[in-house]
Amino acid sequence: MNKLILVLRIILGAILVIFGSNKFIGFIPPFEFVNPDAGVFFEALAGSYVLKTVGIIEVIVGLLLLVNKAIPFALVVLAPISINIILFHVTLDPINIGPGAFVFFVNALLIIKHWNTYKPLF
């Protein structure tokens, strides 16, 4: 189980660094949204500070996961982003939900794995 957690943490970290970096460099071609509302919403985010801020957070969290530092902190910071990713896809773009669902479920699994760290918060 620990090897699986290690592999999932590294894959999640790599995904976050890649997709977070893409928000600045743009090396992945833009998605074609089937639902025009999804495109409008995403363009509104891209035209403001929001997408760049999310990109910075994704890169930082991804790097923390990759170098195995401050994992519980990184997972808590990622939680609202992963929730918003899954909600965006569930409501506006269900066809492309795969990567977002992976980020959401791995984030949740890793939070559960580190749950003893969060107990004092409750």
# chains A, B, ... in the order shown; residues from 1 in each chain; ligands from 1
>>> residues_around(residues="range 72-83 of chain A", least_positions_apart="3", cutoff="7 Å", atoms="only C-alpha atoms", output="PyMOL selection string")
chain A and resi 61+64+86-87+103-104+107+111+114
>>> residues_around(residues="range 37-46 of chain A", least_positions_apart="5", cutoff="12 Å", atoms="only C-alpha atoms", output="number ranges by chain")
A: 22-24, 26, 30-32, 51-55, 85, 87-96
>>> write_last_selection(atoms="C-alpha atoms", output="PDB file, in the first residue's frame")
ATOM      1  CA  ASN A  22       0.943  25.013 -18.923  1.00  0.00           C
ATOM      2  CA  LYS A  23      -1.100  27.919 -17.577  1.00  0.00           C
ATOM      3  CA  PHE A  24       1.972  30.119 -18.177  1.00  0.00           C
ATOM      4  CA  GLY A  26       0.880  27.043 -23.042  1.00  0.00           C
ATOM      5  CA  PRO A  30      -6.287  24.162 -25.546  1.00  0.00           C
ATOM      6  CA  PHE A  31      -9.210  21.838 -24.942  1.00  0.00           C
ATOM      7  CA  GLU A  32     -12.183  22.042 -27.245  1.00  0.00           C
ATOM      8  CA  LEU A  51      -5.998  30.891 -13.794  1.00  0.00           C
ATOM      9  CA  LYS A  52      -2.468  32.203 -13.243  1.00  0.00           C
ATOM     10  CA  THR A  53      -2.957  32.055  -9.469  1.00  0.00           C
ATOM     11  CA  VAL A  54      -4.230  28.489  -9.702  1.00  0.00           C
ATOM     12  CA  GLY A  55      -1.243  27.663 -11.920  1.00  0.00           C
ATOM     13  CA  ILE A  85     -11.878  21.092 -10.961  1.00  0.00           C
ATOM     14  CA  LEU A  87     -17.310  20.624 -10.053  1.00  0.00           C
ATOM     15  CA  PHE A  88     -16.371  22.376 -13.303  1.00  0.00           C
ATOM     16  CA  HIS A  89     -16.267  19.088 -15.151  1.00  0.00           C
ATOM     17  CA  VAL A  90     -19.382  17.628 -13.539  1.00  0.00           C
ATOM     18  CA  THR A  91     -21.459  20.705 -14.340  1.00  0.00           C
ATOM     19  CA  LEU A  92     -19.963  22.042 -17.583  1.00  0.00           C
ATOM     20  CA  ASP A  93     -17.582  19.534 -19.189  1.00  0.00           C
ATOM     21  CA  PRO A  94     -18.308  15.925 -18.184  1.00  0.00           C
ATOM     22  CA  ILE A  95     -16.629  14.505 -21.309  1.00  0.00           C
ATOM     23  CA  ASN A  96     -13.166  15.645 -20.151  1.00  0.00           C
TER      24      ASN A  96
END
>>> atom_distance(atom1="CA of Val50 in chain A", atom2="CA of Ser21 in chain A")
14.2 Å
>>> closest_residue(among="A:Ala108, A:Gly47, A:Ile25, A:Gly20", to="Ile5 in chain A", atoms="only C-alpha atoms")
A:Ala108
>>> select_by_dssp(residues="range 27-58 of chain A", states="helix (DSSP H, G or I)", output="ChimeraX atom specification")
/A:36-46,50-58
>>> residues_around(residues="Arg9 in chain A", least_positions_apart="6", cutoff="8 Å", atoms="only C-alpha atoms", output="JSON, numbers by chain")
{"A": [65, 66, 106, 110]}
>>> closest_residue(among="A:Leu109, A:Leu12, A:Met1, A:Val17", to="Glu58 in chain A", atoms="only C-alpha atoms")
A:Val17
>>> decode(residues="range 77-121 of chain A", atoms="N, CA and C atoms", output="compact mmCIF listing (two decimals), in the first residue's frame")
# COMPACT_ATOMS: atom_id res chain seq x y z
N VAL A 77 -3.97 22.62 0.73
CA VAL A 77 -3.98 23.74 -0.23
C VAL A 77 -4.61 23.29 -1.55
N LEU A 78 -4.35 22.05 -1.95
CA LEU A 78 -4.88 21.53 -3.21
C LEU A 78 -6.37 21.21 -3.13
N ALA A 79 -6.90 20.94 -1.95
CA ALA A 79 -8.28 20.48 -1.80
C ALA A 79 -9.31 21.40 -2.48
N PRO A 80 -9.33 22.71 -2.23
CA PRO A 80 -10.34 23.53 -2.90
C PRO A 80 -10.15 23.59 -4.42
N ILE A 81 -8.92 23.49 -4.87
CA ILE A 81 -8.68 23.48 -6.32
C ILE A 81 -9.23 22.20 -6.92
N SER A 82 -8.95 21.06 -6.28
CA SER A 82 -9.43 19.79 -6.83
C SER A 82 -10.96 19.72 -6.78
N ILE A 83 -11.57 20.29 -5.76
CA ILE A 83 -13.03 20.33 -5.69
C ILE A 83 -13.58 21.18 -6.83
N ASN A 84 -12.97 22.32 -7.09
CA ASN A 84 -13.45 23.16 -8.18
C ASN A 84 -13.22 22.53 -9.55
N ILE A 85 -12.12 21.80 -9.70
CA ILE A 85 -11.88 21.09 -10.96
C ILE A 85 -12.99 20.09 -11.20
N ILE A 86 -13.31 19.28 -10.20
CA ILE A 86 -14.33 18.25 -10.38
C ILE A 86 -15.70 18.89 -10.58
N LEU A 87 -16.01 19.96 -9.87
CA LEU A 87 -17.31 20.62 -10.05
C LEU A 87 -17.43 21.24 -11.44
N PHE A 88 -16.35 21.83 -11.95
CA PHE A 88 -16.37 22.38 -13.30
C PHE A 88 -16.72 21.29 -14.31
N HIS A 89 -16.04 20.15 -14.18
CA HIS A 89 -16.27 19.09 -15.15
C HIS A 89 -17.63 18.42 -14.98
N VAL A 90 -18.08 18.24 -13.76
CA VAL A 90 -19.38 17.63 -13.54
C VAL A 90 -20.48 18.51 -14.11
N THR A 91 -20.38 19.81 -13.92
CA THR A 91 -21.46 20.71 -14.34
C THR A 91 -21.34 21.21 -15.78
N LEU A 92 -20.12 21.41 -16.27
CA LEU A 92 -19.96 22.04 -17.58
C LEU A 92 -19.25 21.19 -18.63
N ASP A 93 -18.42 20.25 -18.22
CA ASP A 93 -17.58 19.53 -19.19
C ASP A 93 -17.37 18.07 -18.78
N PRO A 94 -18.46 17.30 -18.67
CA PRO A 94 -18.31 15.92 -18.18
C PRO A 94 -17.48 15.03 -19.10
N ILE A 95 -17.38 15.35 -20.37
CA ILE A 95 -16.63 14.50 -21.31
C ILE A 95 -15.14 14.46 -20.94
N ASN A 96 -14.60 15.55 -20.47
CA ASN A 96 -13.17 15.65 -20.15
C ASN A 96 -12.88 15.50 -18.65
N ILE A 97 -13.70 14.74 -17.95
CA ILE A 97 -13.59 14.67 -16.49
C ILE A 97 -12.42 13.81 -16.00
N GLY A 98 -11.85 12.98 -16.85
CA GLY A 98 -10.83 12.01 -16.45
C GLY A 98 -9.69 12.56 -15.62
N PRO A 99 -8.87 13.48 -16.16
CA PRO A 99 -7.75 14.00 -15.37
C PRO A 99 -8.21 14.71 -14.09
N GLY A 100 -9.30 15.45 -14.18
CA GLY A 100 -9.81 16.14 -12.99
C GLY A 100 -10.27 15.18 -11.92
N ALA A 101 -10.93 14.10 -12.34
CA ALA A 101 -11.37 13.08 -11.39
C ALA A 101 -10.17 12.41 -10.73
N PHE A 102 -9.12 12.16 -11.52
CA PHE A 102 -7.91 11.56 -10.95
C PHE A 102 -7.32 12.47 -9.89
N VAL A 103 -7.18 13.76 -10.19
CA VAL A 103 -6.63 14.72 -9.21
C VAL A 103 -7.49 14.75 -7.96
N PHE A 104 -8.79 14.81 -8.13
CA PHE A 104 -9.72 14.88 -6.99
C PHE A 104 -9.60 13.63 -6.11
N PHE A 105 -9.67 12.45 -6.72
CA PHE A 105 -9.68 11.22 -5.94
C PHE A 105 -8.33 10.92 -5.30
N VAL A 106 -7.24 11.21 -6.00
CA VAL A 106 -5.93 11.00 -5.40
C VAL A 106 -5.70 11.99 -4.25
N ASN A 107 -6.13 13.23 -4.44
CA ASN A 107 -6.03 14.21 -3.36
C ASN A 107 -6.81 13.72 -2.14
N ALA A 108 -8.03 13.24 -2.36
CA ALA A 108 -8.85 12.74 -1.25
C ALA A 108 -8.20 11.52 -0.60
N LEU A 109 -7.68 10.60 -1.40
CA LEU A 109 -7.03 9.41 -0.86
C LEU A 109 -5.81 9.78 -0.02
N LEU A 110 -5.01 10.70 -0.50
CA LEU A 110 -3.82 11.11 0.25
C LEU A 110 -4.19 11.86 1.53
N ILE A 111 -5.26 12.63 1.49
CA ILE A 111 -5.74 13.29 2.72
C ILE A 111 -6.16 12.23 3.74
N ILE A 112 -6.88 11.22 3.28
CA ILE A 112 -7.29 10.14 4.18
C ILE A 112 -6.06 9.43 4.75
N LYS A 113 -5.06 9.20 3.91
CA LYS A 113 -3.83 8.55 4.35
C LYS A 113 -3.13 9.36 5.45
N HIS A 114 -3.22 10.68 5.38
CA HIS A 114 -2.57 11.56 6.36
C HIS A 114 -3.56 12.10 7.40
N TRP A 115 -4.68 11.44 7.58
CA TRP A 115 -5.76 11.97 8.42
C TRP A 115 -5.32 12.26 9.85
N ASN A 116 -4.43 11.47 10.40
CA ASN A 116 -3.99 11.71 11.78
C ASN A 116 -3.36 13.09 11.94
N THR A 117 -2.74 13.59 10.87
CA THR A 117 -2.15 14.93 10.90
C THR A 117 -3.22 16.01 11.04
N TYR A 118 -4.40 15.75 10.49
CA TYR A 118 -5.47 16.76 10.49
C TYR A 118 -6.36 16.69 11.71
N LYS A 119 -6.28 15.63 12.49
CA LYS A 119 -7.18 15.47 13.65
C LYS A 119 -7.19 16.67 14.59
N PRO A 120 -6.03 17.29 14.88
CA PRO A 120 -6.06 18.45 15.78
C PRO A 120 -6.89 19.63 15.23
N LEU A 121 -7.12 19.65 13.94
CA LEU A 121 -7.91 20.75 13.38
C LEU A 121 -9.39 20.63 13.73
